[in-house]
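First the structure, in the form of structure tokens, and then the observations on it.
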Amino acid sequence: MPDVIQERPSNGILLIRLNRPEARNALNTAVRQALATAFEEAAADDGIRCVVLAGSDDVFAAGADIREMADAGAVDIMLRQTHLLWRAIAQCPKPVVAGVCGYALGGGCELAMHADIIIAGESAQFGQPEVRVGIMPGAGGTQRLVRAVGKFKAMKMLLTGKPVGARAAEAMGLVSEVVADAEVLPTALALAETIAGQPPLAVRQIKEVLLAGADAPLETALMLERKAFQLLFDSHDQKEGMQAFLERRRPSYEGR
Ligand code: CO8
């Protein structure tokens with residue numbers, strides 16, 4: 001079995017699963033390349049409307065592969081250009097739902113934070129333990145975490161390296177929902193199906209505007225929102241959605 005498995009569990013859904021259990025799904029270069037390729041393909045495939053990203057049943061991912069980094073120098077790390085591989089995930093225009101059971105540590109927590117929605121199992125543990133091995137997060141762990149949970153929770157996690165459990169992560173806004181472990185994948189897939197049934201242009205605009213606007217000044221962000229809102233009125237799906245509502249029937253969206 002490959003280290004990254006792709007499946008099409010239902011129409012419009014791509015399920016990407018990490019499958020390197022012997023190393024707790026540690027993200028080595030091959031895994032990150034496979035992930036980047038999968039997300040690039042998902043971005044280009046009109047048939048995919050939502051991506052579900054999951055680890056194994058008992059671990060999401062234990063971080064970047066420490067064996068690949070232990071002897072590296074700064075220039076080696078720079079030349080690996082791994083930010084380009086992460087960017088392929090961050091820039092996926094389709095919604096990404098992560099299903100997390102067990103450890104999501106270091107690069108694993110950063111990977112989960114690349115998703116748009118995180119469904120956590122009761123066993124999930126989120127942490128940025130890099131400080132314990134002499135480094136710091138390098139794939140957004142300081143920046144996405146502080147944006148998600150605020151300075152004081154983020155500092156505590158980053159400076160101690162201590163993970164937080166699913167319920168604590170939910171309380172601090174790091175996950176969308178906590179369910180029993182056995183329900184993580186079914187919940188993530190059901191959510192993905194709901195999203196896949198929404199009009200694709202509206203979904204795409206919501207994701208783009210939310211992410212771009214979150215780092216822009218409010219007035220700029222509101223303008224971005226307004227322009228995207230206006231743009232959707234030129235879509236077939238806006239006419240169809242509103243007409244279907246008025247005619248009391250189910251809409252049929254075409255993504256145009
Ligand atoms: N890298 C490489 N191998 C790993 C990793 C890892 N991150 N995590 C686990 N493994 C391997 C172990 O070495 C072990 O291999 P072996 O059987 O050959 O000795 C196997 O997986 C099983 O591990 P354990 O026996 O430790 O399993 P446990 O269930 O007892 O513990 C833990 C699981 C708690 C997850 C534990 O393995 C652990 O603490 N792992 C390391 C967690 C960590 O420190 N992660 C942060 C890594 S640094 C990082 O992510 C930086 C991100 C920067 C992104 C940008 C990159 C350029």
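Every chain in the structure tokens has a letter given in the order shown (A, B, ...), and although residue numbers restart at 1 in each chain, ligands are simply numbered from 1 in the order shown.
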To check your reading of the model: which residues sit at most 10 Å from ligand 1 when counting only C-alpha atoms and all ligand atoms? Write the answer as a compact mmCIF listing (two decimals) with N, CA, C and O atoms, in the first residue's frame.
# COMPACT_ATOMS: atom_id res chain seq x y z
N ARG A 20 1.30 5.50 6.84
CA ARG A 20 2.69 5.15 7.17
C ARG A 20 2.74 4.80 8.66
O ARG A 20 3.45 5.45 9.44
N PRO A 21 1.93 3.81 9.05
CA PRO A 21 1.73 3.56 10.48
C PRO A 21 3.01 3.20 11.22
O PRO A 21 3.15 3.51 12.40
N GLU A 22 3.96 2.57 10.51
CA GLU A 22 5.19 2.16 11.21
C GLU A 22 5.98 3.36 11.71
O GLU A 22 6.80 3.25 12.61
N ALA A 23 5.75 4.53 11.13
CA ALA A 23 6.43 5.76 11.59
C ALA A 23 5.40 6.76 12.10
O ALA A 23 5.64 7.97 12.07
N ARG A 24 4.26 6.27 12.56
CA ARG A 24 3.19 7.13 13.09
C ARG A 24 2.80 8.22 12.08
O ARG A 24 2.57 9.37 12.42
N ASN A 25 2.80 7.83 10.83
CA ASN A 25 2.45 8.75 9.72
C ASN A 25 3.34 9.99 9.66
O ASN A 25 2.90 11.07 9.22
N ALA A 26 4.60 9.85 10.11
CA ALA A 26 5.53 10.98 10.03
C ALA A 26 5.63 11.43 8.57
O ALA A 26 5.63 10.61 7.64
N LEU A 27 5.70 12.73 8.41
CA LEU A 27 5.62 13.32 7.07
C LEU A 27 7.03 13.43 6.48
O LEU A 27 7.70 14.45 6.64
N ASN A 28 7.47 12.37 5.82
CA ASN A 28 8.76 12.48 5.14
C ASN A 28 8.55 13.15 3.77
O ASN A 28 7.41 13.48 3.39
N THR A 29 9.63 13.34 3.06
CA THR A 29 9.53 14.08 1.79
C THR A 29 8.59 13.39 0.82
O THR A 29 7.78 14.04 0.15
N ARG A 32 5.05 14.08 1.76
CA ARG A 32 4.64 15.47 1.47
C ARG A 32 4.50 15.71 -0.03
O ARG A 32 3.62 16.43 -0.47
N ASP A 58 -5.63 5.38 14.51
CA ASP A 58 -5.12 5.74 15.84
C ASP A 58 -4.07 6.84 15.83
O ASP A 58 -3.56 7.22 16.89
N VAL A 59 -3.70 7.34 14.67
CA VAL A 59 -2.76 8.47 14.64
C VAL A 59 -3.02 9.29 13.37
O VAL A 59 -3.22 8.72 12.29
N PHE A 60 -3.02 10.61 13.53
CA PHE A 60 -3.15 11.46 12.34
C PHE A 60 -1.76 11.59 11.71
O PHE A 60 -1.52 11.04 10.64
N ALA A 61 -0.85 12.28 12.38
CA ALA A 61 0.54 12.34 11.91
C ALA A 61 1.41 12.88 13.04
O ALA A 61 1.07 13.87 13.68
N ALA A 62 2.56 12.19 13.26
CA ALA A 62 3.44 12.55 14.38
C ALA A 62 4.47 13.60 13.99
O ALA A 62 5.50 13.71 14.65
N GLY A 63 4.20 14.32 12.92
CA GLY A 63 5.09 15.44 12.59
C GLY A 63 5.95 15.19 11.37
O GLY A 63 5.82 14.15 10.71
N ALA A 64 6.84 16.14 11.12
CA ALA A 64 7.82 15.95 10.06
C ALA A 64 8.70 14.77 10.47
O ALA A 64 8.79 14.44 11.65
N ASP A 65 9.32 14.14 9.48
CA ASP A 65 10.13 12.96 9.78
C ASP A 65 11.47 13.39 10.39
O ASP A 65 12.30 13.98 9.71
N ILE A 66 11.62 13.08 11.67
CA ILE A 66 12.81 13.54 12.40
C ILE A 66 14.07 12.89 11.82
O ILE A 66 15.13 13.51 11.76
N ARG A 67 13.95 11.65 11.33
CA ARG A 67 15.13 10.98 10.74
C ARG A 67 15.66 11.76 9.54
O ARG A 67 16.85 11.78 9.28
N GLU A 68 14.77 12.39 8.79
CA GLU A 68 15.19 13.13 7.60
C GLU A 68 15.80 14.49 7.94
O GLU A 68 16.39 15.14 7.10
N MET A 69 15.59 14.94 9.19
CA MET A 69 16.04 16.29 9.54
C MET A 69 17.24 16.29 10.48
O MET A 69 17.95 17.29 10.58
N ALA A 70 17.46 15.15 11.17
CA ALA A 70 18.40 15.15 12.28
C ALA A 70 19.78 15.67 11.90
O ALA A 70 20.41 16.42 12.65
N ILE A 77 18.04 22.33 4.52
CA ILE A 77 16.61 22.53 4.80
C ILE A 77 16.03 23.55 3.82
O ILE A 77 14.95 23.37 3.26
N MET A 78 16.80 24.61 3.56
CA MET A 78 16.32 25.64 2.64
C MET A 78 16.14 25.06 1.23
O MET A 78 15.12 25.29 0.57
N ARG A 80 15.45 22.17 0.33
CA ARG A 80 14.34 21.21 0.20
C ARG A 80 13.04 21.90 -0.25
O ARG A 80 12.15 21.25 -0.78
N GLN A 81 12.97 23.21 -0.01
CA GLN A 81 11.82 24.01 -0.47
C GLN A 81 10.48 23.37 -0.12
O GLN A 81 9.56 23.35 -0.96
N THR A 82 10.39 22.86 1.09
CA THR A 82 9.15 22.15 1.44
C THR A 82 7.95 23.09 1.51
O THR A 82 6.81 22.64 1.46
N HIS A 83 8.23 24.40 1.61
CA HIS A 83 7.09 25.33 1.65
C HIS A 83 6.27 25.23 0.36
O HIS A 83 5.07 25.48 0.36
N LEU A 85 5.58 22.50 -1.17
CA LEU A 85 4.69 21.34 -1.02
C LEU A 85 3.51 21.69 -0.11
O LEU A 85 2.37 21.29 -0.36
N TRP A 86 3.79 22.43 0.96
CA TRP A 86 2.70 22.87 1.85
C TRP A 86 1.77 23.81 1.11
O TRP A 86 0.56 23.80 1.31
N GLY A 102 -6.09 10.40 17.36
CA GLY A 102 -4.74 10.21 17.89
C GLY A 102 -3.88 11.45 17.72
O GLY A 102 -4.38 12.57 17.62
N TYR A 103 -2.56 11.21 17.64
CA TYR A 103 -1.62 12.34 17.63
C TYR A 103 -1.66 13.15 16.33
O TYR A 103 -1.59 12.59 15.23
N ALA A 104 -1.76 14.47 16.50
CA ALA A 104 -1.50 15.41 15.40
C ALA A 104 -0.45 16.34 15.96
O ALA A 104 -0.75 17.34 16.61
N LEU A 105 0.81 15.97 15.75
CA LEU A 105 1.91 16.68 16.41
C LEU A 105 2.82 17.36 15.39
O LEU A 105 3.06 16.82 14.30
N GLY A 106 3.37 18.50 15.76
CA GLY A 106 4.32 19.18 14.89
C GLY A 106 3.74 19.40 13.51
O GLY A 106 2.65 19.98 13.35
N GLY A 107 4.44 18.88 12.50
CA GLY A 107 3.94 19.01 11.12
C GLY A 107 2.57 18.38 10.95
O GLY A 107 1.80 18.76 10.07
N GLY A 108 2.21 17.43 11.82
CA GLY A 108 0.87 16.81 11.76
C GLY A 108 -0.20 17.78 12.20
O GLY A 108 -1.28 17.85 11.61
N CYS A 109 0.10 18.55 13.25
CA CYS A 109 -0.85 19.58 13.70
C CYS A 109 -0.92 20.68 12.64
O CYS A 109 -2.01 21.19 12.32
N GLU A 110 0.23 21.00 12.07
CA GLU A 110 0.26 22.02 11.00
C GLU A 110 -0.54 21.55 9.79
O GLU A 110 -1.25 22.33 9.16
N LEU A 111 -0.43 20.26 9.49
CA LEU A 111 -1.20 19.72 8.37
C LEU A 111 -2.70 19.84 8.65
O LEU A 111 -3.47 20.28 7.78
N GLN A 125 -4.96 14.32 19.89
CA GLN A 125 -4.02 15.14 20.69
C GLN A 125 -3.34 16.08 19.72
O GLN A 125 -2.66 15.63 18.79
N GLY A 127 -0.58 19.07 19.14
CA GLY A 127 0.57 19.69 19.81
C GLY A 127 1.62 20.15 18.84
O GLY A 127 1.68 19.71 17.69
N GLN A 128 2.42 21.07 19.31
CA GLN A 128 3.58 21.55 18.54
C GLN A 128 4.82 21.31 19.40
O GLN A 128 5.32 22.21 20.07
N PRO A 129 5.31 20.05 19.38
CA PRO A 129 6.40 19.68 20.29
C PRO A 129 7.81 20.00 19.75
O PRO A 129 8.80 19.55 20.31
N GLU A 130 7.89 20.78 18.67
CA GLU A 130 9.19 21.03 18.05
C GLU A 130 10.24 21.53 19.04
O GLU A 130 11.41 21.20 18.96
N VAL A 131 9.78 22.39 19.98
CA VAL A 131 10.74 22.98 20.93
C VAL A 131 11.48 21.89 21.70
O VAL A 131 12.63 22.05 22.09
N ARG A 132 10.83 20.74 21.87
CA ARG A 132 11.45 19.65 22.63
C ARG A 132 12.58 18.97 21.87
O ARG A 132 13.35 18.21 22.46
N VAL A 133 12.61 19.17 20.53
CA VAL A 133 13.72 18.58 19.77
C VAL A 133 14.62 19.69 19.20
O VAL A 133 15.32 19.51 18.22
N GLY A 134 14.58 20.85 19.85
CA GLY A 134 15.56 21.90 19.53
C GLY A 134 15.21 22.80 18.37
O GLY A 134 16.06 23.57 17.91
N ILE A 135 13.99 22.70 17.87
CA ILE A 135 13.62 23.59 16.76
C ILE A 135 12.30 24.29 17.08
O ILE A 135 11.90 24.37 18.25
N MET A 136 11.67 24.79 16.09
CA MET A 136 10.36 25.44 16.23
C MET A 136 9.51 25.04 15.02
O MET A 136 10.04 24.48 14.06
N PRO A 137 8.23 25.29 15.06
CA PRO A 137 7.40 24.94 13.88
C PRO A 137 7.89 25.68 12.63
O PRO A 137 8.35 26.81 12.73
N GLY A 138 7.77 25.00 11.50
CA GLY A 138 8.26 25.61 10.26
C GLY A 138 7.25 25.57 9.14
O GLY A 138 7.55 25.92 8.00
N ALA A 139 6.03 25.12 9.43
CA ALA A 139 5.02 25.04 8.36
C ALA A 139 3.72 25.70 8.82
O ALA A 139 2.62 25.19 8.60
N GLY A 140 3.89 26.82 9.50
CA GLY A 140 2.70 27.59 9.89
C GLY A 140 2.27 27.39 11.33
O GLY A 140 1.29 27.99 11.78
N GLY A 141 3.00 26.58 12.08
CA GLY A 141 2.59 26.26 13.45
C GLY A 141 2.53 27.45 14.37
O GLY A 141 1.69 27.50 15.27
N GLY A 161 5.54 22.63 24.36
CA GLY A 161 5.49 21.45 23.50
C GLY A 161 4.43 20.46 23.94
O GLY A 161 4.28 19.38 23.36
N PRO A 163 0.98 18.66 24.29
CA PRO A 163 -0.24 18.60 23.47
C PRO A 163 -1.51 18.85 24.27
O PRO A 163 -1.51 18.74 25.50
Which residues, written as a short mmCIF file (atom, residue, chain, number, x, y, z; two decimals) with N, CA, C and O atoms, in the first residue's frame, have at least one atom at most 10 Å from region 11-19 of chain A, with only C-alpha atoms counted and residues fewer than 5 positions away on the same chain left out?
data_model
loop_
_atom_site.label_atom_id
_atom_site.label_comp_id
_atom_site.auth_asym_id
_atom_site.auth_seq_id
_atom_site.Cartn_x
_atom_site.Cartn_y
_atom_site.Cartn_z
N MET A 1 0.84 -1.21 0.00
CA MET A 1 0.00 0.00 0.00
C MET A 1 0.87 1.25 0.00
O MET A 1 1.87 1.32 0.73
N PRO A 2 0.52 2.26 -0.78
CA PRO A 2 1.31 3.50 -0.75
C PRO A 2 1.15 4.26 0.58
O PRO A 2 0.20 3.99 1.33
N ASP A 3 2.08 5.17 0.83
CA ASP A 3 2.04 5.94 2.09
C ASP A 3 0.91 6.96 2.11
O ASP A 3 0.52 7.46 3.16
N VAL A 4 0.43 7.32 0.92
CA VAL A 4 -0.72 8.23 0.83
C VAL A 4 -1.73 7.57 -0.10
O VAL A 4 -1.43 7.29 -1.26
N ILE A 5 -2.92 7.31 0.44
CA ILE A 5 -3.94 6.58 -0.32
C ILE A 5 -5.03 7.54 -0.75
O ILE A 5 -5.49 8.36 0.05
N GLN A 6 -5.42 7.45 -1.99
CA GLN A 6 -6.53 8.29 -2.47
C GLN A 6 -7.72 7.40 -2.80
O GLN A 6 -7.57 6.38 -3.46
N ARG A 24 4.26 6.27 12.56
CA ARG A 24 3.19 7.13 13.09
C ARG A 24 2.80 8.22 12.08
O ARG A 24 2.57 9.37 12.42
N ASN A 25 2.80 7.83 10.83
CA ASN A 25 2.45 8.75 9.72
C ASN A 25 3.34 9.99 9.66
O ASN A 25 2.90 11.07 9.22
N ALA A 26 4.60 9.85 10.11
CA ALA A 26 5.53 10.98 10.03
C ALA A 26 5.63 11.43 8.57
O ALA A 26 5.63 10.61 7.64
N LEU A 27 5.70 12.73 8.41
CA LEU A 27 5.62 13.32 7.07
C LEU A 27 7.03 13.43 6.48
O LEU A 27 7.70 14.45 6.64
N VAL A 31 6.03 11.51 1.42
CA VAL A 31 4.63 11.70 1.82
C VAL A 31 4.18 13.12 1.47
O VAL A 31 3.09 13.33 0.93
N ALA A 34 3.63 13.41 -2.21
CA ALA A 34 2.38 12.73 -2.62
C ALA A 34 1.17 13.56 -2.21
O ALA A 34 0.18 13.67 -2.96
N LEU A 35 1.23 14.16 -1.02
CA LEU A 35 0.12 15.02 -0.58
C LEU A 35 -0.03 16.22 -1.51
O LEU A 35 -1.14 16.56 -1.93
N ALA A 38 -1.57 15.18 -4.74
CA ALA A 38 -3.00 14.86 -4.59
C ALA A 38 -3.82 16.15 -4.51
O ALA A 38 -4.90 16.25 -5.13
N PHE A 39 -3.33 17.14 -3.78
CA PHE A 39 -4.10 18.39 -3.66
C PHE A 39 -4.08 19.18 -4.97
O PHE A 39 -5.08 19.82 -5.32
N ALA A 42 -6.58 17.53 -7.12
CA ALA A 42 -7.95 17.83 -6.64
C ALA A 42 -8.36 19.23 -7.08
O ALA A 42 -9.51 19.47 -7.45
N ASP A 45 -9.41 19.16 -10.75
CA ASP A 45 -10.46 18.22 -11.16
C ASP A 45 -11.84 18.77 -10.80
O ASP A 45 -12.22 18.82 -9.62
N ASP A 46 -12.62 19.13 -11.82
CA ASP A 46 -13.95 19.70 -11.57
C ASP A 46 -14.88 18.72 -10.89
O ASP A 46 -15.88 19.10 -10.29
N GLY A 47 -14.57 17.44 -11.01
CA GLY A 47 -15.42 16.42 -10.39
C GLY A 47 -15.25 16.33 -8.88
O GLY A 47 -16.05 15.69 -8.20
N ILE A 48 -14.21 16.97 -8.35
CA ILE A 48 -13.98 16.92 -6.90
C ILE A 48 -14.46 18.23 -6.28
O ILE A 48 -13.99 19.31 -6.64
N ARG A 49 -15.38 18.11 -5.35
CA ARG A 49 -15.95 19.31 -4.73
C ARG A 49 -15.55 19.48 -3.28
O ARG A 49 -15.75 20.55 -2.71
N CYS A 50 -15.01 18.44 -2.69
CA CYS A 50 -14.56 18.55 -1.30
C CYS A 50 -13.53 17.46 -1.05
O CYS A 50 -13.66 16.36 -1.57
N VAL A 51 -12.52 17.80 -0.25
CA VAL A 51 -11.47 16.84 0.06
C VAL A 51 -11.56 16.48 1.54
O VAL A 51 -11.72 17.37 2.39
N VAL A 52 -11.47 15.20 1.84
CA VAL A 52 -11.36 14.76 3.24
C VAL A 52 -9.95 14.24 3.44
O VAL A 52 -9.46 13.43 2.65
N LEU A 53 -9.30 14.74 4.47
CA LEU A 53 -7.92 14.36 4.76
C LEU A 53 -7.89 13.64 6.11
O LEU A 53 -8.35 14.20 7.11
N ALA A 54 -7.39 12.43 6.12
CA ALA A 54 -7.39 11.66 7.38
C ALA A 54 -6.06 10.94 7.55
O ALA A 54 -5.32 10.71 6.58
N GLY A 55 -5.78 10.57 8.79
CA GLY A 55 -4.63 9.73 9.07
C GLY A 55 -5.08 8.29 9.19
O GLY A 55 -6.01 7.86 8.50
N SER A 56 -4.46 7.58 10.11
CA SER A 56 -4.91 6.21 10.38
C SER A 56 -5.96 6.26 11.49
O SER A 56 -6.26 7.34 12.00
N ASP A 57 -6.45 5.07 11.88
CA ASP A 57 -7.48 5.05 12.92
C ASP A 57 -6.96 5.54 14.27
O ASP A 57 -7.72 6.04 15.09
N VAL A 59 -3.70 7.34 14.67
CA VAL A 59 -2.76 8.47 14.64
C VAL A 59 -3.02 9.29 13.37
O VAL A 59 -3.22 8.72 12.29
N PHE A 60 -3.02 10.61 13.53
CA PHE A 60 -3.15 11.46 12.34
C PHE A 60 -1.76 11.59 11.71
O PHE A 60 -1.52 11.04 10.64
N ALA A 61 -0.85 12.28 12.38
CA ALA A 61 0.54 12.34 11.91
C ALA A 61 1.41 12.88 13.04
O ALA A 61 1.07 13.87 13.68
N VAL A 96 -11.46 21.62 2.50
CA VAL A 96 -10.75 20.45 3.01
C VAL A 96 -11.24 20.18 4.44
O VAL A 96 -11.19 21.06 5.30
N VAL A 97 -11.73 18.97 4.65
CA VAL A 97 -12.19 18.56 5.98
C VAL A 97 -11.17 17.56 6.51
O VAL A 97 -10.92 16.54 5.87
N ALA A 98 -10.56 17.87 7.66
CA ALA A 98 -9.61 16.91 8.24
C ALA A 98 -10.31 16.07 9.29
O ALA A 98 -11.12 16.58 10.07
N GLY A 99 -10.03 14.79 9.29
CA GLY A 99 -10.52 13.88 10.32
C GLY A 99 -9.32 13.43 11.15
O GLY A 99 -8.41 12.81 10.61
N LEU A 185 -14.42 9.53 10.66
CA LEU A 185 -14.46 9.47 9.20
C LEU A 185 -15.89 9.59 8.67
O LEU A 185 -16.13 10.39 7.74
N ALA A 188 -16.83 13.24 8.95
CA ALA A 188 -16.10 14.06 7.97
C ALA A 188 -16.66 13.84 6.57
O ALA A 188 -16.85 14.79 5.79
N LEU A 189 -16.96 12.59 6.24
CA LEU A 189 -17.48 12.29 4.90
C LEU A 189 -18.89 12.85 4.71
O LEU A 189 -19.22 13.37 3.64
N ALA A 192 -18.56 16.45 4.16
CA ALA A 192 -18.04 16.68 2.81
C ALA A 192 -19.15 16.52 1.78
O ALA A 192 -19.24 17.28 0.81
N GLU A 193 -20.03 15.55 2.01
CA GLU A 193 -21.14 15.35 1.05
C GLU A 193 -22.08 16.54 1.07
O GLU A 193 -22.57 16.97 0.03
N ILE A 195 -21.25 19.61 1.79
CA ILE A 195 -20.55 20.71 1.10
C ILE A 195 -20.53 20.47 -0.41
O ILE A 195 -20.74 21.38 -1.20
N ALA A 196 -20.33 19.20 -0.79
CA ALA A 196 -20.26 18.87 -2.22
C ALA A 196 -21.60 19.13 -2.92
O ALA A 196 -21.65 19.32 -4.13
N GLY A 197 -22.68 19.14 -2.13
CA GLY A 197 -24.00 19.40 -2.71
C GLY A 197 -24.33 20.89 -2.83
O GLY A 197 -25.37 21.25 -3.38
#
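Within region 36-73 of chain A, residues classed as strand (DSSP E) by DSSP on backbone coordinates are A:Cys50, A:Val51, A:Val52, A:Leu53, A:Ala54, A:Val59, A:Phe60, A:Ala61.
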Could the residues in this selection be saved with N, CA, C and O atoms as a compact mmCIF listing (two decimals), in the first residue's frame?
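Final output, again.txt:
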# COMPACT_ATOMS: atom_id res chain seq x y z
N CYS A 50 -15.01 18.44 -2.69
CA CYS A 50 -14.56 18.55 -1.30
C CYS A 50 -13.53 17.46 -1.05
O CYS A 50 -13.66 16.36 -1.57
N VAL A 51 -12.52 17.80 -0.25
CA VAL A 51 -11.47 16.84 0.06
C VAL A 51 -11.56 16.48 1.54
O VAL A 51 -11.72 17.37 2.39
N VAL A 52 -11.47 15.20 1.84
CA VAL A 52 -11.36 14.76 3.24
C VAL A 52 -9.95 14.24 3.44
O VAL A 52 -9.46 13.43 2.65
N LEU A 53 -9.30 14.74 4.47
CA LEU A 53 -7.92 14.36 4.76
C LEU A 53 -7.89 13.64 6.11
O LEU A 53 -8.35 14.20 7.11
N ALA A 54 -7.39 12.43 6.12
CA ALA A 54 -7.39 11.66 7.38
C ALA A 54 -6.06 10.94 7.55
O ALA A 54 -5.32 10.71 6.58
N VAL A 59 -3.70 7.34 14.67
CA VAL A 59 -2.76 8.47 14.64
C VAL A 59 -3.02 9.29 13.37
O VAL A 59 -3.22 8.72 12.29
N PHE A 60 -3.02 10.61 13.53
CA PHE A 60 -3.15 11.46 12.34
C PHE A 60 -1.76 11.59 11.71
O PHE A 60 -1.52 11.04 10.64
N ALA A 61 -0.85 12.28 12.38
CA ALA A 61 0.54 12.34 11.91
C ALA A 61 1.41 12.88 13.04
O ALA A 61 1.07 13.87 13.68
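Among the candidates A:Val179, A:Met172, A:Leu158, A:Val146, the one nearest to Cys101 (chain A) when counting only C-alpha atoms is A:Val179.
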Pick out each residue of region 164-250 of chain A that DSSP on the backbone tags as alpha helix (DSSP H); I need them as a ChimeraX atom specification. /A:166-171,181-196,200-214,218-232,236-246
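Closest approach to Thr194 (chain A) among A:Ser10, A:Arg248, A:Gln33, A:Leu224: A:Ser10, based on only C-alpha atoms.
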Pick out the residues sitting within 8 Å of His236 (chain A), and hand them over as an MDAnalysis selection string; count only C-alpha atoms, and ignore anything fewer than 2 positions along from it in its own chain. chainID A and resid 234 238:240 253:256
